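Asks: What follows is a single structure, and I will ask about it in a moment.
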Amino acid sequence: MKSISTGNNAPQINDDENFQHSLQEAVNQRRNFAIISHPDAGKTTLTEKLLLYGGAIQQAGAVKARGEQRKVTSDWMELEKQRGISITSTVLQFEYKDITVNLLDTPGHQDFSEDTYRTLAAADNAVMLEDAAKGLEPQTRKLFEVCRLRNIPIFTFINKMDRPGQEPLSLLDEIESELNLSTFAVNWPIGSGDLFRGVIQRDSRDVILFARGERGKQSIERRLKINDPKLSEFVEKELLEKAIEELDLLEAAGSALDLELVREGELTPVFFGSAMTNFGVRPFLDSFLDMAQGPVARNTTDGPVDPMRETFTGFVFKLQANMDPRHRDRVAFVRVCSGRFQKDMTVSHARSGKNIRLSRPQKIFAQDRSVVEDAYPGDVIGLNNPGMFAIGDTLYTGKHVEYEGIPCFSPEIFCWLRNPNPSAFKNFRKGVNELREEGAVQILYDTDQSKRDPILAAVGQLQLEVVQHRLENEYSVETIVDPMGYQVARWVKGGWTSLEQIGRIFNCKTVQDSWQRPVLLFKNQWNLNQLEQDHPSLELSAVAPVVS
Ligand code: GDP
């Protein structure tokens, strides 16, 4: 492509070489990541501290305070407010040194939903945050599995070292054995809890002394050489010796910090610190940005597309309705994958084949919006969505491309959704369909046509509440939710034919998804294991096959 038509004020770029050069620069400068953690591990605290180092307009505290700052509230947000949690996930962008960092914010509540998973589909890197006392926790494990699907690099931050925690060696061991992920400790803690004295940097063997950062201020680390006699003023001899001994053990065990393996998602660099006291956050950010991968090539139905492809491509990974009640709008969040996105650009919508002019693209920081002039691979933009976009949709200019869809994730909660009022049937059906299309929840159906009630299949309880709340507020239908008592779902590879081949199966209910594909529901894992043992040839998948 020779030229890109720009918005009103943006400079015209007519020159291939200049364009390639500025695109390359933008790509080189971008890092994008999401934090995966269990509630209470300190994600909000770490995010605040990271923003403190970013030369962004945001101040520490902004993340926690966003509930209060919010000016627009919708019915849906009413629900968020009542529950005092954040359902929405948005992107926080900040500049650090020469890097534009996009932090994809995932909801932290334990009733998390598919949004959390989908956000990971747009991330190039993940930071796995652990509480040093608790180690790996359920939600972290689940999110890790999603990262594994795409082999994205994982950086581990072990938090709350200022509190008594587990032995650092056993924390590494847990990651290695339970996640099957090799570890490389970048720093090593000296003591923990009241006896936490700091960390030894593995490469230089310098000691960074622990100090509680002043609230809201960037901290300045005090470093001493490991053989500096002054060290004994700050660190007890036995503590230092124990840390050195452990570090020597790690060295002897031998794995090196192999960036290739990090990039392949096989090895995680591990950092110890304390987000609350702002200890270890800046060294973490420095190393993390050094090692993290920039925007990578992403798979389409015709093979991978490089971020340096000169024409714009991107995909929708999240839809959100009614962010602004005055407009009853829907926002589609698009991850830019290649080329340059510009305001007022006309793009093709791969699924419908239509052209759309994108005149009001937005960058969304928490709930504040500003209009975007341009965006590059790794960035996320919010588009007003007049009902046209669905999760996984590709937008592009130039030659046709279509990104591989975003998989539906294995639901764990199944309920009948009942509409007790026959006169509201039309609205009920419309609401259920629209919420399904938007990806608010997965919908399954009984194979018995006479049972017309849809089945809500969710990964978190909160999704059910959101669906009921929205059906009532947006479609004026009051519904009843009836739990079904199943906990595990499996899609059948090979569809109905494979299922028919094995004949009658016990202790499981066969239902179908919206594409009439068979799904098996089990009361527990044990029943699933039983079926797998009885029918080893039957191929089952926890993740719904992608519909393109
Ligand atoms: P989130 O649920 O993961 O977002 O966790 P928060 O950031 O809200 O933190 C949960 C609790 O842990 C809060 O009370 C924090 O003050 C506390 N916390 C976070 N980081 C640290 C830390 O490094 N040390 C200690 N002692 N507490 C922390």
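Following the order of the structure tokens, chains are lettered A, B, ..., residues in each are numbered from 1, and ligands are numbered from 1.
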Can you list every residue in stretch 74-258 of chain A that DSSP puts in strand (DSSP E), as a count of residues only?
Replies: 45
Asks: Enumerate as a PyMOL selection string all residues of stretch 72-305 of chain A assigned to helix (DSSP H, G or I) by DSSP on the backbone, naming them with the chain letters and numbers the document uses.
Replies: chain A and resi 75-83+114-121+138-150+168-179+193-195+231-234+237-253+259-263+281-291
Asks: Compute the set of protein, DNA and RNA residues whose minimum atom distance to ligand 1 is at most 7 Å, using only C-alpha atoms and all ligand atoms, and state it as a list in words.
Replies: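 Taking only C-alpha atoms and all ligand atoms into account, the residues around ligand 1 at most 7 Å away are Ser37, His38, Pro39, Asp40, Ala41, Gly42, Lys43, Thr44, Thr45, Leu46, Gly108, His109, Asn159, Lys160, Met161, Asp162, Arg163, Gly273, Ser274, Ala275, Met276 and Thr277 of chain A.
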Asks: So, counting only C-alpha atoms, which residue among A:Lys509, A:Lys225, A:Arg148, A:Lys399 is closest to A:Ala121?
Replies: A:Arg148
Asks: Which residues come within 8 Å of A:Ile35, counting only C-alpha atoms, excluding same-chain residues fewer than 4 positions away, as a list in words?
Replies: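 With the cut-off at 8 Å, the set is Lys43, Leu103, Leu104, Asp105, Thr106, Ala126, Val127, Met128 and Leu129 of chain A.
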Asks: Excluding stretch 136-138 of chain A and any residue of its chain fewer than 6 positions from it, enumerate the residues within 9 Å of it, using only C-alpha atoms, and give them as a list in words.
Replies: Ser37, His38, Glu130, Leu171, Glu174, Ile175 and Glu178 of chain A
Asks: Extract, using only C-alpha atoms, all DNA, RNA and protein residues at most 8 Å from stretch 296-310 of chain A, discarding same-chain residues fewer than 6 positions from it, and format them as a PDB file with C-alpha atoms, in the first residue's frame.
Replies:
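Just written: result.pdb:
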```pdb
ATOM      1  CA  MET A   1       0.000   0.000   0.000  1.00  0.00           C
ATOM      2  CA  GLN A  20       7.588   0.982   7.439  1.00  0.00           C
ATOM      3  CA  LEU A  23       5.582   1.138  12.102  1.00  0.00           C
ATOM      4  CA  GLN A  24       8.718  -0.783  13.016  1.00  0.00           C
ATOM      5  CA  VAL A  27       6.096  -2.233  17.134  1.00  0.00           C
ATOM      6  CA  ASP A 124       1.271 -11.165  24.390  1.00  0.00           C
ATOM      7  CA  CYS A 337      -2.496  -6.940  15.356  1.00  0.00           C
ATOM      8  CA  SER A 338      -0.787  -5.335  12.375  1.00  0.00           C
ATOM      9  CA  GLY A 339      -0.247  -2.074  10.560  1.00  0.00           C
ATOM     10  CA  ARG A 340      -1.526   1.221  11.816  1.00  0.00           C
ATOM     11  CA  PRO A 377       0.053  -3.568  17.104  1.00  0.00           C
ATOM     12  CA  VAL A 401      -7.699 -11.962   6.518  1.00  0.00           C
ATOM     13  CA  GLU A 402      -9.578 -13.719   9.235  1.00  0.00           C
ATOM     14  CA  TYR A 403      -8.052 -14.386  12.658  1.00  0.00           C
ATOM     15  CA  GLU A 404      -8.643 -17.711  14.310  1.00  0.00           C
TER      16      GLU A 404
END
```
Asks: Nearest to A:Ala123 among A:Val481, A:Val334, A:Ile99, A:Leu464, with distances taken over only C-alpha atoms: which residue is it?
Replies: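 The answer is A:Val334, which sits nearest to A:Ala123.
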Asks: Taking only C-alpha atoms into account, which of A:Arg490, A:Arg263, A:Arg223, A:His469 comes nearest A:Ser204?
Replies: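 For A:Ser204, the nearest of the candidates is A:Arg223.
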Asks: Enter the distance from atom CA of A:Val207 to atom CA of A:Gly193, in Å, rounded to one decimal.
Replies: 17.5 Å
